[in-house]
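As stored in protein.tsv (TSV, C-alpha atoms):
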chain	number	residue	atom	x	y	z
W	1	MET	CA	-43.63	-91.84	54.50
W	2	ALA	CA	-42.88	-93.14	51.02
W	3	LYS	CA	-39.75	-91.78	49.40
W	4	LYS	CA	-40.55	-89.29	46.64
W	5	THR	CA	-39.44	-90.42	43.18
W	6	LYS	CA	-36.96	-88.00	41.63
W	7	LEU	CA	-37.61	-86.71	38.12
W	8	TYR	CA	-34.71	-88.54	36.52
W	9	GLU	CA	-35.74	-91.77	38.28
W	10	ALA	CA	-39.26	-91.45	36.83
W	11	ILE	CA	-37.77	-91.25	33.33
W	12	ILE	CA	-35.65	-94.33	33.99
W	13	GLN	CA	-38.67	-96.25	35.29
W	14	ASP	CA	-40.74	-95.31	32.26
W	15	ILE	CA	-38.07	-96.38	29.75
W	16	MET	CA	-37.41	-99.60	31.71
W	17	GLU	CA	-41.12	-100.45	31.63
W	18	ARG	CA	-41.19	-99.92	27.88
W	19	ILE	CA	-38.20	-102.28	27.53
W	20	ARG	CA	-39.86	-104.95	29.70
W	21	SER	CA	-43.12	-104.71	27.77
W	22	GLY	CA	-41.31	-105.18	24.48
W	23	GLU	CA	-42.24	-101.75	23.19
W	24	LEU	CA	-38.52	-100.97	23.04
W	25	LYS	CA	-36.23	-103.76	21.75
W	26	PRO	CA	-32.44	-104.13	21.48
W	27	GLY	CA	-31.22	-101.93	18.64
W	28	ASP	CA	-34.15	-99.51	18.82
W	29	LYS	CA	-33.20	-95.85	18.82
W	30	ILE	CA	-34.82	-93.77	21.54
W	31	PRO	CA	-35.83	-90.11	20.99
W	32	LYS	CA	-33.26	-87.32	21.12
W	33	GLU	CA	-32.68	-85.46	24.40
W	34	ALA	CA	-34.66	-82.44	23.18
W	35	GLU	CA	-37.64	-84.68	22.43
W	36	LEU	CA	-37.40	-86.34	25.85
W	37	VAL	CA	-37.29	-82.90	27.49
W	38	ASP	CA	-40.56	-82.05	25.77
W	39	LYS	CA	-42.13	-85.45	26.51
W	40	TYR	CA	-41.34	-85.53	30.25
W	41	LYS	CA	-41.50	-81.74	30.85
W	42	VAL	CA	-38.12	-81.66	32.62
W	43	SER	CA	-34.77	-79.93	32.10
W	44	ARG	CA	-32.11	-81.23	29.72
W	45	ILE	CA	-29.85	-81.88	32.72
W	46	THR	CA	-32.48	-84.25	34.17
W	47	VAL	CA	-32.82	-86.14	30.89
W	48	SER	CA	-29.03	-86.38	30.56
W	49	ARG	CA	-28.80	-87.77	34.10
W	50	ALA	CA	-31.41	-90.44	33.33
W	51	LEU	CA	-29.65	-91.50	30.12
W	52	ARG	CA	-26.26	-91.67	31.88
W	53	ASP	CA	-27.70	-93.95	34.56
W	54	LEU	CA	-29.37	-96.16	31.96
W	55	GLU	CA	-26.07	-96.36	30.08
W	56	TYR	CA	-24.18	-97.23	33.26
W	57	LYS	CA	-26.68	-100.02	33.98
W	58	GLY	CA	-26.25	-101.33	30.45
W	59	PHE	CA	-29.75	-100.71	29.11
W	60	VAL	CA	-28.76	-98.12	26.50
W	61	LYS	CA	-25.67	-97.20	24.54
W	62	ARG	CA	-25.00	-93.68	23.34
W	63	ILE	CA	-23.12	-93.48	20.03
W	64	LYS	CA	-21.63	-90.12	19.11
W	65	LYS	CA	-23.44	-88.35	16.23
W	66	LYS	CA	-25.85	-91.28	15.86
W	67	GLY	CA	-28.01	-91.35	18.97
W	68	THR	CA	-28.98	-93.55	21.93
W	69	PHE	CA	-29.91	-97.20	21.36
W	70	ILE	CA	-31.40	-99.99	23.47
W	71	THR	CA	-28.93	-102.76	24.35
W	72	GLU	CA	-29.02	-106.07	26.22
W	73	PRO	CA	-29.51	-105.25	29.94
W	74	ASP	CA	-27.63	-108.13	31.56
W	75	ALA	CA	-24.04	-107.35	30.57
W	76	PRO	CA	-23.12	-105.02	33.46
W	77	GLU	CA	-24.40	-107.43	36.11
W	78	GLU	CA	-22.33	-110.27	34.58
W	79	THR	CA	-19.28	-108.03	34.58
W	80	LYS	CA	-19.89	-107.09	38.21
W	81	ALA	CA	-20.42	-110.73	39.21
W	82	ASP	CA	-17.04	-111.65	37.70
W	83	GLY	CA	-15.40	-109.12	40.06
W	84	MET	CA	-14.08	-107.05	37.20
W	85	THR	CA	-13.74	-103.28	37.46
W	86	ILE	CA	-16.59	-101.43	35.76
W	87	PRO	CA	-15.41	-98.56	33.51
W	88	VAL	CA	-17.26	-95.89	35.48
W	89	ILE	CA	-15.92	-92.83	37.31
W	90	ALA	CA	-18.26	-91.54	40.01
W	91	LEU	CA	-18.57	-87.80	40.65
W	92	LEU	CA	-19.70	-86.90	44.19
W	93	LEU	CA	-20.73	-83.29	44.77
W	94	PRO	CA	-22.51	-81.80	47.81
W	95	PHE	CA	-25.14	-80.08	45.66
W	96	ASN	CA	-27.45	-80.89	42.75
W	97	GLU	CA	-26.62	-80.94	39.05
W	98	GLU	CA	-27.85	-77.39	38.49
W	99	PHE	CA	-24.94	-76.07	40.55
W	100	GLY	CA	-22.51	-78.82	39.57
W	101	TYR	CA	-23.21	-78.83	35.84
W	102	GLU	CA	-19.94	-77.19	34.75
W	103	ILE	CA	-17.86	-79.59	36.86
W	104	LEU	CA	-19.83	-82.53	35.45
W	105	ARG	CA	-19.37	-81.22	31.92
W	106	GLY	CA	-15.61	-81.01	32.41
W	107	VAL	CA	-15.44	-84.57	33.76
W	108	GLU	CA	-17.59	-85.98	30.95
W	109	GLU	CA	-15.61	-84.22	28.22
W	110	ALA	CA	-12.33	-85.53	29.64
W	111	CYS	CA	-13.71	-89.07	29.85
W	112	ALA	CA	-15.50	-89.02	26.49
W	113	GLY	CA	-12.69	-90.50	24.42
W	114	SER	CA	-11.25	-92.75	27.11
W	115	GLY	CA	-13.95	-95.38	27.45
W	116	TYR	CA	-15.21	-94.28	30.88
W	117	TYR	CA	-18.80	-93.49	31.78
W	118	VAL	CA	-19.60	-90.92	34.48
W	119	THR	CA	-22.22	-91.17	37.24
W	120	TYR	CA	-23.35	-88.21	39.34
W	121	HIS	CA	-24.18	-88.37	43.07
W	122	ASN	CA	-25.42	-85.57	45.38
W	123	THR	CA	-24.20	-85.89	49.00
W	124	ASN	CA	-26.22	-82.80	50.02
W	125	TYR	CA	-23.50	-81.72	52.48
W	126	ASP	CA	-24.26	-84.79	54.60
W	127	ALA	CA	-21.25	-86.76	55.93
W	128	ARG	CA	-23.26	-89.98	56.35
W	129	THR	CA	-24.51	-89.86	52.76
W	130	GLU	CA	-20.95	-89.24	51.56
W	131	ARG	CA	-19.73	-92.24	53.57
W	132	GLU	CA	-22.46	-94.53	52.22
W	133	LEU	CA	-21.93	-93.48	48.61
W	134	ILE	CA	-18.17	-93.99	48.75
W	135	GLY	CA	-18.69	-97.44	50.29
W	136	LYS	CA	-21.09	-98.39	47.49
W	137	ILE	CA	-18.76	-97.07	44.79
W	138	MET	CA	-15.92	-99.22	46.11
W	139	SER	CA	-18.07	-102.35	46.63
W	140	ASP	CA	-19.57	-101.97	43.14
W	141	ASN	CA	-16.08	-102.18	41.63
W	142	LEU	CA	-16.24	-98.81	39.90
W	143	SER	CA	-12.97	-97.60	38.38
W	144	GLY	CA	-12.55	-94.43	40.42
W	145	ALA	CA	-14.12	-91.38	42.02
W	146	ILE	CA	-13.94	-87.59	42.05
W	147	VAL	CA	-15.12	-86.19	45.38
W	148	TYR	CA	-15.98	-82.67	46.52
W	149	PRO	CA	-15.85	-83.40	50.29
W	150	VAL	CA	-18.69	-82.24	52.54
W	151	GLY	CA	-16.08	-80.91	54.98
W	152	SER	CA	-12.32	-80.82	55.48
W	153	GLY	CA	-12.48	-82.59	58.85
W	154	LYS	CA	-15.04	-85.32	58.09
W	155	ASN	CA	-14.84	-88.97	57.01
W	156	ILE	CA	-11.04	-89.14	57.21
W	157	ASP	CA	-11.37	-92.90	57.89
W	158	VAL	CA	-13.28	-93.43	54.65
W	159	PHE	CA	-10.79	-91.48	52.55
W	160	SER	CA	-7.88	-93.18	54.33
W	161	SER	CA	-9.37	-96.57	53.40
W	162	MET	CA	-9.45	-95.47	49.77
W	163	LEU	CA	-5.74	-94.60	49.98
W	164	ILE	CA	-4.82	-97.85	51.74
W	165	ASN	CA	-6.77	-99.92	49.20
W	166	ARG	CA	-5.27	-97.93	46.32
W	167	PHE	CA	-8.70	-96.98	45.04
W	168	PRO	CA	-8.21	-94.21	42.45
W	169	PHE	CA	-9.76	-90.92	43.58
W	170	VAL	CA	-9.22	-87.17	43.46
W	171	LEU	CA	-10.55	-84.47	45.78
W	172	ILE	CA	-11.81	-81.18	44.36
W	173	ASP	CA	-12.27	-77.75	46.01
W	174	ARG	CA	-11.39	-79.07	49.47
W	175	THR	CA	-8.70	-81.19	51.04
W	176	ILE	CA	-9.13	-83.51	54.03
W	177	GLU	CA	-7.15	-82.45	57.10
W	178	GLY	CA	-4.37	-84.91	57.84
W	179	LEU	CA	-4.65	-86.64	54.46
W	180	ASP	CA	-2.25	-86.50	51.50
W	181	ALA	CA	-4.35	-87.19	48.42
W	182	PRO	CA	-4.44	-85.87	44.85
W	183	ASN	CA	-6.61	-82.76	44.59
W	184	VAL	CA	-7.67	-80.01	42.23
W	185	VAL	CA	-8.53	-76.65	43.78
W	186	SER	CA	-9.10	-73.05	42.80
W	187	ASP	CA	-6.64	-70.42	43.95
W	188	ASN	CA	-8.85	-69.50	46.91
W	189	PHE	CA	-6.29	-67.11	48.40
W	190	GLN	CA	-6.22	-65.13	45.15
W	191	ALA	CA	-10.03	-65.20	44.98
W	192	GLY	CA	-10.32	-63.62	48.44
W	193	TYR	CA	-7.54	-61.15	47.69
W	194	SER	CA	-8.86	-59.95	44.32
W	195	VAL	CA	-12.47	-59.40	45.37
W	196	THR	CA	-11.41	-57.54	48.54
W	197	SER	CA	-8.93	-55.42	46.58
W	198	HIS	CA	-11.74	-54.52	44.18
W	199	LEU	CA	-13.89	-53.23	47.04
W	200	ILE	CA	-10.95	-51.32	48.52
W	201	GLY	CA	-10.32	-49.77	45.11
W	202	LEU	CA	-13.90	-48.47	45.11
W	203	GLY	CA	-13.18	-46.64	48.36
W	204	HIS	CA	-14.47	-49.07	51.01
W	205	ARG	CA	-12.52	-49.20	54.27
W	206	LYS	CA	-14.90	-51.23	56.44
W	207	ILE	CA	-15.37	-54.59	54.74
W	208	ALA	CA	-16.91	-57.65	56.41
W	209	PHE	CA	-16.23	-61.29	55.57
W	210	LEU	CA	-19.27	-63.58	55.78
W	211	CYS	CA	-19.04	-67.37	56.05
W	212	THR	CA	-20.43	-70.40	57.88
W	213	SER	CA	-17.17	-71.11	59.72
W	214	LEU	CA	-13.48	-70.60	59.00
W	215	HIS	CA	-13.04	-74.24	60.05
W	216	GLU	CA	-15.58	-75.54	57.54
W	217	ALA	CA	-12.95	-76.12	54.85
W	218	VAL	CA	-9.42	-75.16	53.88
W	219	SER	CA	-10.88	-73.26	50.90
W	220	VAL	CA	-12.84	-70.99	53.29
W	221	ALA	CA	-9.76	-70.30	55.41
W	222	GLU	CA	-7.75	-69.49	52.27
W	223	ARG	CA	-10.38	-67.04	51.03
W	224	TYR	CA	-10.33	-65.31	54.42
W	225	ARG	CA	-6.52	-65.22	54.37
W	226	GLY	CA	-6.62	-63.51	50.97
W	227	TYR	CA	-9.21	-61.05	52.29
W	228	CYS	CA	-6.99	-60.16	55.26
W	229	LYS	CA	-3.88	-59.79	53.08
W	230	ALA	CA	-5.69	-57.37	50.75
W	231	LEU	CA	-6.74	-55.23	53.73
W	232	ILE	CA	-3.24	-55.23	55.21
W	233	ASP	CA	-1.64	-54.37	51.85
W	234	ALA	CA	-3.99	-51.34	51.76
W	235	SER	CA	-2.93	-50.35	55.32
W	236	ILE	CA	-6.34	-51.35	56.72
W	237	VAL	CA	-6.28	-53.30	59.99
W	238	PRO	CA	-8.70	-56.28	59.83
W	239	GLN	CA	-11.15	-56.15	62.73
W	240	ARG	CA	-12.35	-59.28	64.51
W	241	GLU	CA	-15.94	-58.08	64.42
W	242	TRP	CA	-15.78	-57.88	60.62
W	243	LEU	CA	-15.62	-61.67	60.51
W	244	ILE	CA	-19.26	-62.79	60.55
W	245	GLU	CA	-19.47	-66.54	61.15
W	246	ASP	CA	-22.87	-68.22	61.24
W	247	PRO	CA	-23.12	-72.03	61.43
W	248	SER	CA	-26.49	-72.20	59.66
W	249	PRO	CA	-26.00	-74.33	56.48
W	250	ILE	CA	-27.17	-71.76	53.93
W	251	VAL	CA	-24.60	-73.05	51.46
W	252	GLY	CA	-26.55	-76.28	51.03
W	253	SER	CA	-29.69	-74.48	49.94
W	254	GLU	CA	-30.47	-75.16	46.30
W	255	HIS	CA	-33.04	-72.41	45.84
W	256	LEU	CA	-33.08	-68.78	46.84
W	257	ASP	CA	-35.64	-67.87	49.48
W	258	SER	CA	-35.96	-64.25	50.48
W	259	GLY	CA	-37.32	-65.29	53.84
W	260	HIS	CA	-34.35	-67.52	54.67
W	261	PRO	CA	-33.73	-67.20	58.43
W	262	CYS	CA	-29.97	-67.66	58.02
W	263	ALA	CA	-29.67	-64.58	55.83
W	264	ALA	CA	-31.77	-62.53	58.25
W	265	SER	CA	-29.58	-63.62	61.16
W	266	ARG	CA	-26.41	-62.68	59.31
W	267	LEU	CA	-27.75	-59.29	58.30
W	268	GLU	CA	-28.71	-58.60	61.92
W	269	LYS	CA	-25.14	-59.32	63.01
W	270	LEU	CA	-23.92	-56.73	60.53
W	271	LEU	CA	-26.50	-54.17	61.65
W	272	ARG	CA	-25.59	-54.63	65.31
W	273	LEU	CA	-21.95	-53.67	64.78
W	274	PRO	CA	-20.99	-50.26	66.25
W	275	GLU	CA	-20.06	-49.15	62.73
W	276	MET	CA	-21.73	-51.21	60.04
W	277	PRO	CA	-19.37	-52.16	57.19
W	278	THR	CA	-20.07	-50.57	53.83
W	279	ALA	CA	-19.20	-53.75	51.95
W	280	VAL	CA	-19.28	-57.53	52.42
W	281	VAL	CA	-17.19	-60.30	50.92
W	282	ALA	CA	-19.38	-63.43	51.05
W	283	VAL	CA	-17.64	-66.80	51.04
W	284	ASN	CA	-19.75	-67.92	48.05
W	285	ASP	CA	-22.41	-66.64	45.69
W	286	LEU	CA	-25.39	-68.27	47.42
W	287	THR	CA	-24.49	-66.61	50.69
W	288	ALA	CA	-24.09	-63.28	48.88
W	289	MET	CA	-27.44	-63.53	47.07
W	290	HIS	CA	-29.35	-64.50	50.22
W	291	LEU	CA	-27.80	-61.49	51.97
W	292	ILE	CA	-28.69	-59.11	49.13
W	293	GLU	CA	-32.30	-60.25	48.97
W	294	THR	CA	-32.71	-59.93	52.73
W	295	ALA	CA	-31.07	-56.49	52.77
W	296	LEU	CA	-33.38	-55.21	50.04
W	297	ARG	CA	-36.40	-56.40	52.01
W	298	ARG	CA	-35.11	-54.43	54.99
W	299	GLY	CA	-34.88	-51.29	52.84
W	300	ILE	CA	-31.08	-51.36	52.58
W	301	ARG	CA	-30.11	-50.44	49.04
W	302	VAL	CA	-27.54	-52.60	47.24
W	303	PRO	CA	-25.01	-51.39	46.22
W	304	GLU	CA	-25.78	-47.77	47.21
W	305	GLU	CA	-25.74	-48.49	50.96
W	306	LEU	CA	-24.12	-51.92	51.05
W	307	SER	CA	-21.86	-53.45	48.42
W	308	VAL	CA	-21.87	-57.25	48.31
W	309	ALA	CA	-19.56	-59.59	46.40
W	310	GLY	CA	-19.34	-63.37	46.24
W	311	ILE	CA	-17.08	-66.13	45.01
W	312	ASP	CA	-18.13	-68.78	42.42
W	313	ASN	CA	-19.66	-66.74	39.57
W	314	LEU	CA	-22.80	-68.87	39.34
W	315	LYS	CA	-25.14	-68.23	36.40
W	316	THR	CA	-27.82	-67.37	38.96
W	317	GLY	CA	-25.73	-64.45	40.18
W	318	GLU	CA	-25.26	-63.05	36.69
W	319	HIS	CA	-29.04	-62.71	36.27
W	320	PHE	CA	-29.87	-61.90	39.91
W	321	ILE	CA	-32.09	-58.97	40.95
W	322	VAL	CA	-28.82	-57.07	41.54
W	323	PRO	CA	-26.26	-58.75	39.24
W	324	LEU	CA	-23.55	-60.08	41.49
W	325	THR	CA	-19.89	-59.11	41.50
W	326	SER	CA	-18.05	-62.38	41.97
W	327	VAL	CA	-14.89	-64.37	41.37
W	328	LYS	CA	-15.08	-66.87	38.55
W	329	GLN	CA	-13.82	-70.38	39.17
W	330	ASP	CA	-12.99	-72.60	36.21
W	331	PHE	CA	-15.41	-75.37	37.20
W	332	ALA	CA	-15.22	-77.18	33.86
W	333	GLY	CA	-11.43	-77.05	34.01
W	334	ILE	CA	-11.46	-78.40	37.56
W	335	GLY	CA	-13.64	-81.32	36.44
W	336	ALA	CA	-11.44	-82.07	33.44
W	337	LYS	CA	-8.19	-81.93	35.45
W	338	ALA	CA	-9.66	-84.15	38.17
W	339	ALA	CA	-10.81	-86.71	35.59
W	340	SER	CA	-7.36	-86.69	34.01
W	341	LEU	CA	-5.72	-87.37	37.39
W	342	VAL	CA	-8.12	-90.22	38.16
W	343	MET	CA	-7.55	-91.86	34.79
W	344	LYS	CA	-3.77	-91.63	35.30
W	345	GLN	CA	-4.18	-93.40	38.64
W	346	ILE	CA	-6.33	-96.11	37.05
W	347	ALA	CA	-3.74	-96.62	34.31
W	348	SER	CA	-0.92	-96.96	36.85
W	349	GLY	CA	-2.86	-99.38	39.05
W	350	GLY	CA	-3.55	-97.07	41.96
W	351	LEU	CA	-2.63	-93.77	43.54
W	352	PRO	CA	0.62	-92.04	42.56
W	353	ALA	CA	3.60	-92.21	44.90
W	354	GLU	CA	3.52	-88.42	45.38
W	355	PRO	CA	0.11	-86.74	45.84
W	356	GLN	CA	-0.42	-84.12	43.17
W	357	THR	CA	-2.12	-80.78	43.73
W	358	ILE	CA	-3.34	-78.70	40.80
W	359	THR	CA	-4.33	-75.09	41.51
W	360	MET	CA	-6.61	-73.38	39.01
W	361	ASN	CA	-6.59	-69.62	38.42
W	362	THR	CA	-9.62	-67.46	39.24
W	363	GLU	CA	-10.92	-64.26	37.64
W	364	LEU	CA	-12.77	-61.27	39.10
W	365	VAL	CA	-16.08	-60.48	37.38
W	366	VAL	CA	-17.45	-57.01	38.25
W	367	ARG	CA	-21.20	-56.40	38.10
W	368	ARG	CA	-23.70	-54.04	39.74
W	369	SER	CA	-23.67	-55.32	43.34
W	370	SER	CA	-20.49	-53.36	44.12
W	371	ALA	CA	-20.06	-49.57	43.95
W	372	PRO	CA	-18.29	-46.75	45.81
W	373	PRO	CA	-19.62	-46.26	49.35
W	374	ARG	CA	-22.33	-43.67	49.97
W	375	LYS	CA	-23.89	-42.29	53.11
W	376	ARG	CA	-26.85	-44.32	54.36
W	377	GLU	CA	-30.21	-42.66	54.67
W	378	TYR	CA	-31.54	-44.38	57.83
For this file, produce the structure as structure tokens.
Amino acid sequence: MAKKTKLYEAIIQDIMERIRSGELKPGDKIPKEAELVDKYKVSRITVSRALRDLEYKGFVKRIKKKGTFITEPDAPEETKADGMTIPVIALLLPFNEEFGYEILRGVEEACAGSGYYVTYHNTNYDARTERELIGKIMSDNLSGAIVYPVGSGKNIDVFSSMLINRFPFVLIDRTIEGLDAPNVVSDNFQAGYSVTSHLIGLGHRKIAFLCTSLHEAVSVAERYRGYCKALIDASIVPQREWLIEDPSPIVGSEHLDSGHPCAASRLEKLLRLPEMPTAVVAVNDLTAMHLIETALRRGIRVPEELSVAGIDNLKTGEHFIVPLTSVKQDFAGIGAKAASLVMKQIASGGLPAEPQTITMNTELVVRRSSAPPRKREY
């Protein structure tokens, strides 16, 4: 089966064809992003991705406050052939640009005045894809990388090779077990603690924690640790059955689907408990929204019969059918800090002697998906 062309790739192909045909010549200004959005009927993020890739390949140059212009296309290949480092920092995230936009924005803003371009790559929570992309980034002589790992226990050999070869990189959100590398993370313990404390403050005493697996990532384990500490500080004994682990990869889903089998399975586990919890702390917003949508279809009212809160504060959650209580992460700040660390490594000729960890604060955002517990009517 032929591989489906992605939207941003179609834009690149069209502009490249116009360059080859002579319709667009070196020095020509191409339309503004808003005009390209209208022409190709795509989002601004898609257009921006296409222009970044064209700039990285040397076919266009974006000049601040002036526009985007056609350039000579051979310069990057000559640079690469000479074995020189290309001034590009690669950003690898396990999800698409819609969910990673704020991180990407932070990276781009930090790199804007430093002479580095940024490329975006989606690993789709696949360890093999992550491995292949990192290999290509290193072989292409890019300057550095910012990586949101697909898992804390995966590809340690690849990341170790980056350390050994002094290839500048920074991990975000997750660390790799057994590896000392620079990283930028949210205060996941505080995130779990604050959202659980909020639910306790509303009067909930039976609160479940919903995740794929505690062993999926250090960030997940830290959120659960914060959840447990909040319960204990309120003199509530955490119960083993309140931990709902389900290995189905719902977190990788890029679109909400009310019929998602993972969400149905997780709701059933809650319903089968001898005493169903009155509230749920979901490990992230996508998990929370899938659960809410499935609960509503089952006739369980949210938040009247089941309060649900997430962690991430995605824009989708703010405008969801039941606006989601969540914990805000400073994604743009994470991206900017990670870019700063990578550029410091590049400037010093490799990784720092002492791995640096930067922990970013989080903030509870209360919306309508959480409320005091009420008696169920079924």
Between CA of Gln329 in chain W and CA of Tyr117 in chain W lies a distance of 24.8 Å
What separates CA of Asp312 in chain W and CA of Asp285 in chain W is a distance of 5.8 Å
| message | At a cut-off of 8 Å, using only C-alpha atoms, what residues contact Leu267 in chain W? Leave out same-chain residues fewer than 3 positions from it and give the result as a PyMOL selection string. | response | chain W and resi 263-264+270-271+291+294-295
**Study point:** Radius query 12 Å about (-16.9, -78.9, 31.7), atoms used: only C-alpha atoms, as a list of chain:residue names
**Key:**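 Residues lying no farther than 12 Å from the given point: W:Gly100, W:Tyr101, W:Glu102, W:Ile103, W:Leu104, W:Arg105, W:Gly106, W:Val107, W:Glu108, W:Glu109, W:Ala110, W:Cys111, W:Ala112, W:Gln329, W:Asp330, W:Phe331, W:Ala332, W:Gly333, W:Ile334, W:Gly335, W:Ala336, W:Lys337, W:Ala338, W:Ala339.
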Hey, can you spit out that residue selection with C-alpha atoms as a PDB file, in the coordinates of the input?
ATOM      1  CA  GLY W 100     -22.510 -78.820  39.570  1.00  0.00           C
ATOM      2  CA  TYR W 101     -23.210 -78.830  35.840  1.00  0.00           C
ATOM      3  CA  GLU W 102     -19.940 -77.190  34.750  1.00  0.00           C
ATOM      4  CA  ILE W 103     -17.860 -79.590  36.860  1.00  0.00           C
ATOM      5  CA  LEU W 104     -19.830 -82.530  35.450  1.00  0.00           C
ATOM      6  CA  ARG W 105     -19.370 -81.220  31.920  1.00  0.00           C
ATOM      7  CA  GLY W 106     -15.610 -81.010  32.410  1.00  0.00           C
ATOM      8  CA  VAL W 107     -15.440 -84.570  33.760  1.00  0.00           C
ATOM      9  CA  GLU W 108     -17.590 -85.980  30.950  1.00  0.00           C
ATOM     10  CA  GLU W 109     -15.610 -84.220  28.220  1.00  0.00           C
ATOM     11  CA  ALA W 110     -12.330 -85.530  29.640  1.00  0.00           C
ATOM     12  CA  CYS W 111     -13.710 -89.070  29.850  1.00  0.00           C
ATOM     13  CA  ALA W 112     -15.500 -89.020  26.490  1.00  0.00           C
ATOM     14  CA  GLN W 329     -13.820 -70.380  39.170  1.00  0.00           C
ATOM     15  CA  ASP W 330     -12.990 -72.600  36.210  1.00  0.00           C
ATOM     16  CA  PHE W 331     -15.410 -75.370  37.200  1.00  0.00           C
ATOM     17  CA  ALA W 332     -15.220 -77.180  33.860  1.00  0.00           C
ATOM     18  CA  GLY W 333     -11.430 -77.050  34.010  1.00  0.00           C
ATOM     19  CA  ILE W 334     -11.460 -78.400  37.560  1.00  0.00           C
ATOM     20  CA  GLY W 335     -13.640 -81.320  36.440  1.00  0.00           C
ATOM     21  CA  ALA W 336     -11.440 -82.070  33.440  1.00  0.00           C
ATOM     22  CA  LYS W 337      -8.190 -81.930  35.450  1.00  0.00           C
ATOM     23  CA  ALA W 338      -9.660 -84.150  38.170  1.00  0.00           C
ATOM     24  CA  ALA W 339     -10.810 -86.710  35.590  1.00  0.00           C
TER      25      ALA W 339
END
If we count all atoms listed in the file and set the cut-off at 8 Å, which residues sit around Ile244 in chain W, ignoring sequence neighbours fewer than 2 positions away in its own chain? Please answer as a ChimeraX atom specification. /W:208-211,241-242,246,266,269-270
query: What gap, in Å, lies between CA of Glu17 in chain W and CA of Lys41 in chain W?
result: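 Computing it gives 18.7 Å between the two atoms.
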Could you list, as a PyMOL selection string, every residue within 12 Å of Ile311 in chain W, counting all atoms listed in the file and ignoring same-chain residues fewer than 6 positions away? chain W and resi 186-196+209-211+219-220+223-224+227+280-289+317+324-330+362-366
